[in-house]
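What follows is the content of work.txt (compact mmCIF, C-alpha atoms).
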# COMPACT_ATOMS: atom_id res chain seq x y z
CA MET A 1 7.90 13.96 -30.61
CA GLN A 2 9.74 10.63 -30.42
CA ASN A 3 12.77 12.18 -32.14
CA TRP A 4 12.94 14.87 -29.47
CA ASP A 5 12.80 12.25 -26.71
CA ASP A 6 15.57 10.23 -28.33
CA GLU A 7 17.70 13.30 -28.94
CA LEU A 8 17.22 14.55 -25.37
CA SER A 9 18.08 11.11 -24.00
CA ASN A 10 21.26 11.01 -26.09
CA ILE A 11 22.29 14.48 -24.91
CA MET A 12 21.65 13.60 -21.27
CA THR A 13 23.65 10.37 -21.58
CA ARG A 14 26.55 12.20 -23.25
CA LYS A 15 26.56 14.94 -20.57
CA MET A 16 26.43 12.37 -17.75
CA ASN A 17 29.36 10.49 -19.27
CA ASP A 18 31.29 13.77 -19.56
CA LEU A 19 30.62 14.54 -15.89
CA ILE A 20 31.71 11.08 -14.80
CA ARG A 21 34.86 11.27 -16.95
CA ASN A 22 35.74 14.74 -15.57
CA ASN A 23 35.20 13.63 -11.98
CA SER A 24 37.34 10.51 -12.39
CA SER A 25 40.27 12.28 -14.07
CA GLY A 26 42.37 14.62 -12.00
CA GLY A 27 41.48 16.67 -8.95
CA GLY A 28 41.15 13.61 -6.71
CA THR A 29 39.41 13.92 -3.39
CA GLY A 30 42.42 12.92 -1.34
CA GLY A 31 40.65 9.89 0.12
CA HIS A 32 37.65 11.91 1.25
CA LYS A 33 34.04 11.52 0.22
CA SER A 34 33.44 10.73 -3.43
CA LYS A 35 32.39 13.51 -5.79
CA ALA A 36 31.31 11.11 -8.55
CA VAL A 37 27.88 11.72 -10.03
CA VAL A 38 25.65 8.69 -9.56
CA ALA A 39 22.34 8.99 -11.42
CA ALA A 40 20.76 5.62 -10.62
CA PRO A 41 20.22 3.73 -7.37
CA ILE A 42 23.10 1.49 -6.33
CA THR A 43 22.23 -2.12 -5.53
CA LEU A 44 23.26 -2.67 -1.93
CA SER A 45 24.04 -5.88 -0.04
CA ASP A 46 25.24 -6.92 3.38
CA THR A 47 28.80 -6.89 2.01
CA ASN A 48 28.87 -3.45 0.32
CA PHE A 49 26.49 -1.48 2.56
CA ALA A 50 29.08 0.00 4.95
CA GLU A 51 31.36 1.08 2.11
CA ALA A 52 28.49 2.75 0.25
CA ILE A 53 27.12 4.81 3.15
CA ASN A 54 30.62 5.99 4.04
CA LYS A 55 31.63 6.80 0.45
CA TYR A 56 29.03 9.49 -0.29
CA PRO A 57 28.26 12.59 1.82
CA LEU A 58 24.47 12.18 1.50
CA PHE A 59 23.14 8.68 0.87
CA VAL A 60 19.50 7.53 0.83
CA VAL A 61 18.68 3.84 1.22
CA ASP A 62 15.42 2.21 0.15
CA PHE A 63 14.85 -0.98 2.17
CA TRP A 64 12.48 -3.06 0.05
CA ALA A 65 11.39 -6.55 -1.04
CA PRO A 66 10.09 -7.77 -4.41
CA TRP A 67 6.80 -9.06 -2.96
CA CYS A 68 5.97 -5.69 -1.32
CA GLY A 69 3.27 -3.74 -3.19
CA PRO A 70 4.02 -0.36 -1.53
CA CYS A 71 7.72 -0.91 -2.35
CA ARG A 72 6.80 -1.15 -6.02
CA MET A 73 5.06 2.23 -5.68
CA VAL A 74 8.14 3.85 -4.10
CA SER A 75 10.70 2.35 -6.48
CA PRO A 76 9.96 4.62 -9.48
CA LEU A 77 10.10 7.68 -7.20
CA ILE A 78 13.52 6.61 -5.92
CA GLU A 79 14.75 6.16 -9.50
CA GLN A 80 13.40 9.58 -10.55
CA LEU A 81 14.96 11.31 -7.54
CA ALA A 82 18.28 9.54 -8.14
CA THR A 83 18.38 11.07 -11.62
CA GLU A 84 17.08 14.51 -10.63
CA LEU A 85 19.33 14.85 -7.56
CA ALA A 86 22.46 13.33 -9.14
CA GLY A 87 25.50 15.18 -7.85
CA LYS A 88 23.75 16.11 -4.58
CA VAL A 89 22.46 12.79 -3.25
CA VAL A 90 23.23 9.14 -3.97
CA PHE A 91 20.52 6.50 -3.66
CA GLY A 92 20.77 2.81 -2.91
CA LYS A 93 18.33 -0.08 -2.72
CA LEU A 94 18.66 -2.99 -0.30
CA ASN A 95 16.50 -6.10 -0.69
CA VAL A 96 15.68 -7.04 2.92
CA ASP A 97 14.99 -10.69 2.06
CA GLU A 98 18.44 -11.17 0.55
CA ASN A 99 20.30 -9.05 3.15
CA PRO A 100 18.98 -9.91 6.62
CA MET A 101 22.11 -8.77 8.48
CA THR A 102 21.91 -5.10 7.46
CA SER A 103 18.12 -5.08 7.81
CA SER A 104 18.50 -6.40 11.35
CA VAL A 105 21.17 -3.85 12.31
CA PHE A 106 18.75 -1.03 11.43
CA GLY A 107 15.72 -2.75 12.95
CA ILE A 108 13.80 -2.76 9.68
CA GLN A 109 10.43 -4.33 10.46
CA SER A 110 8.22 -2.50 7.94
CA ILE A 111 8.90 -1.80 4.30
CA PRO A 112 9.34 0.30 2.36
CA SER A 113 11.66 2.03 4.80
CA ILE A 114 13.79 4.93 3.65
CA ALA A 115 16.94 5.75 5.63
CA ILE A 116 19.00 8.91 5.14
CA PHE A 117 22.72 8.81 5.88
CA LYS A 118 24.92 11.88 6.11
CA ASN A 119 28.68 11.38 6.26
CA GLY A 120 28.15 7.73 7.20
CA ARG A 121 25.68 8.48 9.99
CA HIS A 122 22.02 7.54 10.06
CA VAL A 123 20.31 10.93 10.44
CA ASP A 124 16.71 10.50 9.35
CA GLY A 125 14.22 8.26 7.64
CA PHE A 126 10.60 7.33 7.20
CA VAL A 127 8.44 4.26 6.65
CA GLY A 128 5.78 3.75 4.01
CA VAL A 129 4.71 5.42 0.81
CA THR A 130 4.90 9.19 0.52
CA SER A 131 4.73 11.62 -2.38
CA LYS A 132 7.76 12.42 -4.45
CA SER A 133 7.71 16.07 -3.34
CA GLN A 134 7.53 15.13 0.36
CA MET A 135 10.37 12.66 -0.09
CA GLN A 136 12.48 15.23 -1.97
CA THR A 137 11.87 17.94 0.63
CA ARG A 138 12.83 15.61 3.47
CA ILE A 139 16.01 14.46 1.71
CA LEU A 140 17.10 17.93 0.56
CA SER A 141 16.67 19.32 4.07
CA HIS A 142 19.86 17.45 4.95
CA ILE A 143 21.96 19.19 2.31
CA ASP A 144 22.13 22.48 4.19
CA GLY A 145 22.96 20.70 7.46
CA ARG A 146 19.74 21.48 9.30
CA GLY A 147 18.03 18.11 9.19
CA SER A 148 14.35 17.70 8.43
CA TYR A 149 13.19 19.17 11.72
CA GLY A 150 15.08 22.44 11.46
CA GLY A 151 17.67 21.70 14.14
CA GLU A 152 20.44 19.18 14.63
CA ASP A 153 20.28 15.91 12.74
CA ARG A 154 18.27 13.58 14.92
CA SER A 155 19.31 10.02 15.82
CA SER A 156 22.74 10.72 14.40
CA ARG A 157 24.78 7.62 14.96
CA ARG A 158 27.61 6.02 13.10
CA ILE A 159 26.88 2.36 12.48
CA TYR A 160 29.87 1.36 10.38
CA GLY A 161 33.39 2.67 9.95
Can the structure from this file be put into structure tokens for me?
Amino acid sequence: MQNWDDELSNIMTRKMNDLIRNNSSGGGTGGHKSKAVVAAPITLSDTNFAEAINKYPLFVVDFWAPWCGPCRMVSPLIEQLATELAGKVVFGKLNVDENPMTSSVFGIQSIPSIAIFKNGRHVDGFVGVTSKSQMQTRILSHIDGRGSYGGEDRSSRRIYG
């Protein structure tokens, strides 16, 4: 069984590298949103946050801290979803202790807090631990433009850019 796992991992890595190489060569986006496939959460900071949320059409941010037990429960789910939804959604993680400016801008007072950004605008989010399927459903509801409540994206506001 271990050989199958290793072989599958090698195939997935090779395919991901092919996708990244194909996206970075030719057919540029003309300065618009990035089409690069990102299969792992991006480490965010006060300095790169604005660039990240504006670079990708659908971006999910996990506001967390290393001392937070519930954050440690959510972290593996975020990593799994980042891999499974690569090409559709990009994920980022922001340590609130190390990045107080961004945390303050978004009024983060409880963690884990998950914020969903669409085209650079904060459109949705939730606080606390939830199941992977609930998280995925909530995030994917923003792909078709409806938002998680079936209508317009709520609290849509551009913070940066």
Subject >> Long-range neighbours of A:Asp46 as a PyMOL selection string, 12 Å cut-off, all atoms listed in the file, 6 positions minimum in chain >> reply: chain A and resi 52-53+93-106+160
Original post:
Hey, can you check how far atom CA of A:Asp124 sits from atom CA of A:Glu79?
Top reply: 19.4 Å
Subject >> Length of the atom CA of A:Ile111 to atom CA of A:Ser45 vector [Å] >> reply: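 Atom CA of A:Ser45 lies at a distance of 16.3 Å from atom CA of A:Ile111.
Pairwise distance (atom CA of A:Ser113, atom CA of A:Val61) equals 8.1 Å.
When all atoms listed in the file are used to measure the gap to A:Trp67, the shortest distance among A:Thr47, A:Gln80, A:Val38, A:Pro112 belongs to A:Pro112.
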**OP:** Return the single residue from A:Lys55, A:Lys88, A:Lys132, A:His142 that is closest to A:Ser75, with distances computed using all atoms listed in the file.
**Re:**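 Of all the options, A:Lys132 lies closest to A:Ser75.
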Subject >> Shell around A:Ile139 at 10 Å using only C-alpha atoms, local window under 5 positions removed, as a PyMOL selection string >> reply: chain A and resi 58-60+81+85+89+114-117+124-125+133-134+147-148
Export of prior selection with C-alpha atoms as a CSV table (one decimal), in the coordinates of the input:
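The resulting result_22.csv:
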chain,number,residue,atom,x,y,z
A,58,LEU,CA,24.5,12.2,1.5
A,59,PHE,CA,23.1,8.7,0.9
A,60,VAL,CA,19.5,7.5,0.8
A,81,LEU,CA,15.0,11.3,-7.5
A,85,LEU,CA,19.3,14.8,-7.6
A,89,VAL,CA,22.5,12.8,-3.2
A,114,ILE,CA,13.8,4.9,3.6
A,115,ALA,CA,16.9,5.8,5.6
A,116,ILE,CA,19.0,8.9,5.1
A,117,PHE,CA,22.7,8.8,5.9
A,124,ASP,CA,16.7,10.5,9.4
A,125,GLY,CA,14.2,8.3,7.6
A,133,SER,CA,7.7,16.1,-3.3
A,134,GLN,CA,7.5,15.1,0.4
A,147,GLY,CA,18.0,18.1,9.2
A,148,SER,CA,14.4,17.7,8.4
